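Asker: One structure follows; several queries about it will come next.
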Amino acid sequence: MLPDEFSTEVSIPLDDDGYLDRECPNEECRAEFKVLATDWTEIVRDEEVFCPICGNSSPSDSWLTTDQADYCQNKLLEVVQPALHNELNRIARDFNRRQPRGGLVQMSMEVASSKGPVFTSLEAQELMRQRYCCEKCGCRYATIGAAFFCPSCGHNSPITAFSETIDIVRKLPQVRDAIYASLDRDTAATSWRVTLEQHMSKIVGAFQSYAEALFDSIRDDATPVPQRNVFQNLDRSSDFWEKKIGLRYETMLTSRDWRDLKICFQQRHLLAHREGIVDDEYLQKSGDTQYQVGQRIVVTQDTVLRFANLVDSLAAKLREACQGVERGGGL
């Protein structure tokens with residue numbers, strides 16, 4: 001007979017690098033990420049795990065992905081079904097032995113076998129993941145796009161996120177090859193265009209968080225708090241830095257680099273607020289002479305790679321300039 005209670009252990013498959021897939025239990029988020037399996041066991045606490053994207057905290061047994069939940073259910077069925085099948089066969093044999101022989105009505109019971117569940121490996125489908133190592137607790141994890149919180153301790157590190165974002169952008173040539181190898185040409189072209197435009201926004205978002213963290217590290221009580229999204233605006237944020245450290249962005253870059261950086265920032269603004277359609281404001285603020293009003297900007301791989309290099313260079317010089325005035329230690 002089957003026991004009243006039944007339990008079994010199921011091992012969740014890891015990816016090729018030893019990372020464990022996780023999913024935020026917050027219904028409004030449901031972000032998927034990965035944590036190195038050894039760190040999940042040895043560093044992450046059972047009482048509290050943080051979502052790298054929304055910061056939600058829940059016990060460690062709340063982070064199964066949908067695929068993993070299905071996988072566990074199928075594995076359980078794989079173990080239970082043979083025992084259940086044997087028990088049903090026993091019941092059928094007992095039933096058949098009790099049936100009278102030679103009567104007008106003959107009854108018998110037969111148990112048919114069913115096919116076992118079909119399993120598929122839990123492989124990552126994303127083309128790119130950003131990898132992190134928390135400088136506070138050492139937990140290693142990975143997300144699609146920028147992360148904001150360490151799953152283990154909840155630490156927020158915009159400096160690390162910025163570096164990882166730039167590294168991911170520099171992998172765009174491999175991403176393009178993968179897209180065109182897996183999709184038909186028309187679909188691949190659309191997917192590639194969207195990917196490039198999305199990375200323009202990712203660069204600006206990562207730089208904004210980086211600059212905010214850097215500015216906050218040297219800001220004292222007498223320094224006003226920067227307005228929201230001020231570091232998405234080169235001219236306004238350059239004013240802030242001049243007042244605090246005596247340097248402007250323009251002095252940290254060559255005239256050509258400064259011109260190209262302004263164009264890239266304005267193109268990102270155009271993509272975010274006007275679907276990429278050129279207007280008079282864009283032409284005035286960017287100084288870009290290759291477009292006319294009403295056209296749509298074309299973002300190329302070279303443009304995004306140069307944008308990443310320019311922002312990375314500016315961030316490094318900005319951090320170097322702040323080293324002597326940091327409040328309360330380094331970043």
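Residues in the structure tokens are numbered from 1 in each chain, the chains being A, B, ... in the order shown, and ligands are numbered from 1 in the order shown.
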Write out as an MDAnalysis selection string the residues lying within 12 Å of Ala211 of chain A, counting only C-alpha atoms and excluding same-chain residues fewer than 2 positions away.
Answerer: chainID A and resid 157:159 161:162 204:209 213:219 226 229:234 237:238 240:241 311:312 314:319 322 331
Asker: Excluding Cys264 of chain A and any residue of its chain fewer than 4 positions from it, enumerate the residues within 8 Å of it, using only C-alpha atoms, and give them as an MDAnalysis selection string.
Answerer: chainID A and resid 200 260 268 303 307
Asker: Please, which residues of segment 92-325 of chain A, numbered as in this document, come out alpha helix (DSSP H) from DSSP, as a PyMOL selection string?
Answerer: chain A and resi 92-97+158-169+172-182+185-218+234-245+249-252+255-274+280-286+301-322
Asker: Generate the output file for the selected residues, C-alpha atoms, as a CSV table (one decimal), in the first residue's frame.
Answerer:
chain,number,residue,atom,x,y,z
A,92,ALA,CA,-6.9,-5.1,-9.7
A,93,ARG,CA,-5.5,-8.5,-8.9
A,94,ASP,CA,-7.5,-8.6,-5.6
A,95,PHE,CA,-10.7,-7.5,-7.4
A,96,ASN,CA,-10.2,-10.1,-10.1
A,97,ARG,CA,-9.7,-13.0,-7.6
A,158,PRO,CA,25.7,51.5,-9.0
A,159,ILE,CA,29.5,51.5,-9.6
A,160,THR,CA,29.6,47.8,-10.2
A,161,ALA,CA,26.4,47.9,-12.3
A,162,PHE,CA,27.9,50.6,-14.5
A,163,SER,CA,31.0,48.6,-15.2
A,164,GLU,CA,29.0,45.5,-16.0
A,165,THR,CA,26.8,47.4,-18.4
A,166,ILE,CA,29.7,48.7,-20.3
A,167,ASP,CA,31.2,45.2,-20.6
A,168,ILE,CA,27.9,43.9,-21.9
A,169,VAL,CA,27.7,46.6,-24.5
A,172,LEU,CA,27.3,43.5,-29.1
A,173,PRO,CA,29.3,42.1,-32.2
A,174,GLN,CA,28.7,38.6,-30.8
A,175,VAL,CA,25.1,39.3,-30.1
A,176,ARG,CA,24.5,40.4,-33.6
A,177,ASP,CA,26.0,37.2,-35.0
A,178,ALA,CA,23.7,35.2,-32.6
A,179,ILE,CA,20.6,37.1,-33.7
A,180,TYR,CA,21.2,36.7,-37.4
A,181,ALA,CA,22.1,33.0,-37.0
A,182,SER,CA,18.9,32.2,-35.2
A,185,ARG,CA,16.7,38.1,-42.0
A,186,ASP,CA,13.7,40.5,-41.7
A,187,THR,CA,13.0,39.5,-38.1
A,188,ALA,CA,16.7,39.6,-37.2
A,189,ALA,CA,17.1,43.1,-38.7
A,190,THR,CA,14.2,44.4,-36.5
A,191,SER,CA,15.5,42.6,-33.4
A,192,TRP,CA,19.0,44.0,-34.0
A,193,ARG,CA,17.7,47.6,-34.4
A,194,VAL,CA,15.7,47.3,-31.1
A,195,THR,CA,18.7,45.8,-29.3
A,196,LEU,CA,20.9,48.7,-30.4
A,197,GLU,CA,18.4,51.4,-29.4
A,198,GLN,CA,17.8,49.7,-26.0
A,199,HIS,CA,21.5,49.8,-25.3
A,200,MET,CA,21.6,53.5,-25.8
A,201,SER,CA,19.1,53.9,-23.0
A,202,LYS,CA,21.0,51.3,-20.8
A,203,ILE,CA,24.2,53.3,-21.1
A,204,VAL,CA,22.5,56.5,-20.0
A,205,GLY,CA,20.6,54.8,-17.2
A,206,ALA,CA,23.8,53.2,-15.9
A,207,PHE,CA,25.8,56.4,-16.1
A,208,GLN,CA,23.0,58.3,-14.2
A,209,SER,CA,23.1,55.8,-11.3
A,210,TYR,CA,26.9,55.9,-11.3
A,211,ALA,CA,27.0,59.7,-11.2
A,212,GLU,CA,24.4,59.9,-8.5
A,213,ALA,CA,26.4,57.5,-6.3
A,214,LEU,CA,29.6,59.4,-7.0
A,215,PHE,CA,28.1,62.7,-6.2
A,216,ASP,CA,26.4,61.4,-3.1
A,217,SER,CA,29.8,60.2,-1.8
A,218,ILE,CA,31.2,63.7,-1.8
A,234,LEU,CA,25.0,66.7,-19.7
A,235,ASP,CA,24.9,70.5,-19.4
A,236,ARG,CA,22.9,70.6,-16.1
A,237,SER,CA,25.0,67.9,-14.5
A,238,SER,CA,28.2,69.5,-15.7
A,239,ASP,CA,27.1,72.6,-13.8
A,240,PHE,CA,26.8,70.5,-10.6
A,241,TRP,CA,30.3,69.1,-10.9
A,242,GLU,CA,31.8,72.5,-11.6
A,243,LYS,CA,30.4,73.8,-8.4
A,244,LYS,CA,31.5,70.8,-6.4
A,245,ILE,CA,34.9,69.9,-7.8
A,249,TYR,CA,32.6,67.5,-18.5
A,250,GLU,CA,34.0,69.6,-21.4
A,251,THR,CA,37.4,69.8,-19.7
A,252,MET,CA,37.6,66.1,-19.2
A,255,SER,CA,36.3,68.7,-28.3
A,256,ARG,CA,35.5,65.9,-30.7
A,257,ASP,CA,34.6,63.4,-27.9
A,258,TRP,CA,32.4,66.0,-26.2
A,259,ARG,CA,30.6,66.7,-29.5
A,260,ASP,CA,30.0,63.0,-30.1
A,261,LEU,CA,28.9,62.4,-26.5
A,262,LYS,CA,26.3,65.3,-26.7
A,263,ILE,CA,24.9,63.7,-29.9
A,264,CYS,CA,24.6,60.3,-28.3
A,265,PHE,CA,22.8,61.7,-25.3
A,266,GLN,CA,20.4,63.6,-27.4
A,267,GLN,CA,19.7,60.6,-29.6
A,268,ARG,CA,18.9,58.6,-26.5
A,269,HIS,CA,16.5,61.3,-25.5
A,270,LEU,CA,14.9,61.3,-28.9
A,271,LEU,CA,14.4,57.5,-28.8
A,272,ALA,CA,12.9,57.7,-25.3
A,273,HIS,CA,10.5,60.7,-25.9
A,274,ARG,CA,9.9,61.0,-29.7
A,280,ASP,CA,14.1,71.2,-34.0
A,281,GLU,CA,15.1,70.8,-30.4
A,282,TYR,CA,17.3,67.8,-31.3
A,283,LEU,CA,19.1,69.7,-34.1
A,284,GLN,CA,19.7,72.7,-31.8
A,285,LYS,CA,21.0,70.8,-28.8
A,286,SER,CA,23.0,68.1,-30.5
A,301,GLN,CA,26.7,49.2,-33.8
A,302,ASP,CA,29.6,51.6,-34.1
A,303,THR,CA,27.6,54.4,-32.6
A,304,VAL,CA,26.6,52.3,-29.5
A,305,LEU,CA,30.2,51.1,-29.0
A,306,ARG,CA,31.6,54.6,-29.3
A,307,PHE,CA,28.9,55.8,-26.9
A,308,ALA,CA,29.9,53.2,-24.3
A,309,ASN,CA,33.6,54.1,-24.7
A,310,LEU,CA,33.0,57.8,-24.3
A,311,VAL,CA,30.8,57.3,-21.2
A,312,ASP,CA,33.3,54.9,-19.7
A,313,SER,CA,36.1,57.4,-20.2
A,314,LEU,CA,34.1,60.2,-18.7
A,315,ALA,CA,33.1,58.1,-15.7
A,316,ALA,CA,36.7,57.1,-15.0
A,317,LYS,CA,37.9,60.8,-15.2
A,318,LEU,CA,35.0,61.9,-13.0
A,319,ARG,CA,35.8,59.3,-10.4
A,320,GLU,CA,39.5,60.2,-10.4
A,321,ALA,CA,38.6,63.9,-9.9
A,322,CYS,CA,36.4,63.0,-6.9
Asker: Residues near Ala37 of chain A, anyone? I mean within 12 Å using only C-alpha atoms, not counting same-chain ones fewer than 2 positions away, as a PyMOL selection string.
Answerer: chain A and resi 11-22+34-35+39-44+139-142
Asker: Write out as a list in words which residues come within 12 Å of Pro25 of chain A when counting only C-alpha atoms, dropping same-chain ones fewer than 5 positions away.
Answerer: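 Answer for this query is Arg30, Ala31, Glu32, Phe33, Val49, Phe50, Cys51, Ile53, Cys54, Gly55, Asn56, Ser57, Ser58, Pro59, Ser60, Asp61, Ser62, Trp63, Leu64, Thr65 and Thr66 of chain A.
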Asker: Could you dump the residues just selected with N, CA, C and O atoms as an mmCIF file, in the first residue's frame?
Answerer:
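New file out_5.cif:
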data_model
loop_
_atom_site.group_PDB
_atom_site.id
_atom_site.type_symbol
_atom_site.label_atom_id
_atom_site.label_comp_id
_atom_site.auth_asym_id
_atom_site.auth_seq_id
_atom_site.Cartn_x
_atom_site.Cartn_y
_atom_site.Cartn_z
ATOM 1 N N ARG A 30 8.382 39.613 -10.862
ATOM 2 C CA ARG A 30 8.645 38.329 -11.503
ATOM 3 C C ARG A 30 9.940 38.315 -12.317
ATOM 4 O O ARG A 30 10.074 37.578 -13.310
ATOM 5 N N ALA A 31 10.914 39.135 -11.924
ATOM 6 C CA ALA A 31 12.193 39.171 -12.625
ATOM 7 C C ALA A 31 12.938 37.858 -12.431
ATOM 8 O O ALA A 31 12.926 37.268 -11.354
ATOM 9 N N GLU A 32 13.596 37.386 -13.481
ATOM 10 C CA GLU A 32 14.413 36.186 -13.395
ATOM 11 C C GLU A 32 15.882 36.584 -13.303
ATOM 12 O O GLU A 32 16.325 37.529 -13.955
ATOM 13 N N PHE A 33 16.627 35.857 -12.494
ATOM 14 C CA PHE A 33 18.057 36.109 -12.334
ATOM 15 C C PHE A 33 18.730 34.809 -11.964
ATOM 16 O O PHE A 33 18.079 33.756 -11.878
ATOM 17 N N VAL A 49 16.006 36.655 1.167
ATOM 18 C CA VAL A 49 16.679 36.802 -0.121
ATOM 19 C C VAL A 49 16.099 38.033 -0.801
ATOM 20 O O VAL A 49 14.899 38.291 -0.715
ATOM 21 N N PHE A 50 16.953 38.807 -1.484
ATOM 22 C CA PHE A 50 16.524 40.054 -2.112
ATOM 23 C C PHE A 50 16.475 39.904 -3.636
ATOM 24 O O PHE A 50 17.356 39.298 -4.243
ATOM 25 N N CYS A 51 15.452 40.480 -4.250
ATOM 26 C CA CYS A 51 15.384 40.530 -5.706
ATOM 27 C C CYS A 51 16.355 41.596 -6.205
ATOM 28 O O CYS A 51 16.295 42.746 -5.745
ATOM 29 N N ILE A 53 16.321 43.239 -8.835
ATOM 30 C CA ILE A 53 15.658 44.268 -9.635
ATOM 31 C C ILE A 53 14.756 45.165 -8.788
ATOM 32 O O ILE A 53 14.891 46.384 -8.807
ATOM 33 N N CYS A 54 13.839 44.567 -8.006
ATOM 34 C CA CYS A 54 12.866 45.390 -7.264
ATOM 35 C C CYS A 54 13.185 45.514 -5.782
ATOM 36 O O CYS A 54 12.588 46.336 -5.091
ATOM 37 N N GLY A 55 14.113 44.679 -5.263
ATOM 38 C CA GLY A 55 14.489 44.763 -3.860
ATOM 39 C C GLY A 55 13.558 44.010 -2.919
ATOM 40 O O GLY A 55 13.759 44.041 -1.706
ATOM 41 N N ASN A 56 12.539 43.325 -3.446
ATOM 42 C CA ASN A 56 11.649 42.525 -2.605
ATOM 43 C C ASN A 56 12.448 41.492 -1.817
ATOM 44 O O ASN A 56 13.395 40.908 -2.337
ATOM 45 N N SER A 57 12.076 41.264 -0.554
ATOM 46 C CA SER A 57 12.733 40.244 0.254
ATOM 47 C C SER A 57 11.728 39.169 0.661
ATOM 48 O O SER A 57 10.608 39.476 1.069
ATOM 49 N N SER A 58 12.147 37.904 0.519
ATOM 50 C CA SER A 58 11.308 36.751 0.864
ATOM 51 C C SER A 58 12.214 35.603 1.288
ATOM 52 O O SER A 58 13.405 35.595 0.954
ATOM 53 N N PRO A 59 11.680 34.610 2.019
ATOM 54 C CA PRO A 59 12.495 33.454 2.408
ATOM 55 C C PRO A 59 13.056 32.721 1.191
ATOM 56 O O PRO A 59 12.514 32.816 0.081
ATOM 57 N N SER A 60 14.117 31.966 1.398
ATOM 58 C CA SER A 60 14.838 31.351 0.282
ATOM 59 C C SER A 60 14.030 30.294 -0.461
ATOM 60 O O SER A 60 14.360 29.966 -1.603
ATOM 61 N N ASP A 61 12.973 29.752 0.162
ATOM 62 C CA ASP A 61 12.176 28.728 -0.517
ATOM 63 C C ASP A 61 11.076 29.319 -1.388
ATOM 64 O O ASP A 61 10.198 28.600 -1.866
ATOM 65 N N SER A 62 11.118 30.632 -1.620
ATOM 66 C CA SER A 62 10.063 31.301 -2.402
ATOM 67 C C SER A 62 10.503 31.663 -3.817
ATOM 68 O O SER A 62 9.756 32.334 -4.526
ATOM 69 N N TRP A 63 11.680 31.223 -4.249
ATOM 70 C CA TRP A 63 12.281 31.768 -5.464
ATOM 71 C C TRP A 63 12.360 30.789 -6.626
ATOM 72 O O TRP A 63 13.115 31.007 -7.574
ATOM 73 N N LEU A 64 11.578 29.700 -6.593
ATOM 74 C CA LEU A 64 11.534 28.784 -7.728
ATOM 75 C C LEU A 64 11.002 29.502 -8.964
ATOM 76 O O LEU A 64 10.052 30.276 -8.883
ATOM 77 N N THR A 65 11.606 29.232 -10.124
ATOM 78 C CA THR A 65 11.047 29.741 -11.368
ATOM 79 C C THR A 65 9.852 28.875 -11.762
ATOM 80 O O THR A 65 9.663 27.768 -11.242
ATOM 81 N N THR A 66 9.049 29.357 -12.700
ATOM 82 C CA THR A 66 7.904 28.585 -13.170
ATOM 83 C C THR A 66 8.359 27.269 -13.768
ATOM 84 O O THR A 66 7.758 26.208 -13.530
#
Asker: Expressed in Å to a single decimal, how great is the separation between atom CA of Arg45 of chain A and atom CA of His155 of chain A?
Answerer: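 Distance between the two atoms: 14.0 Å.
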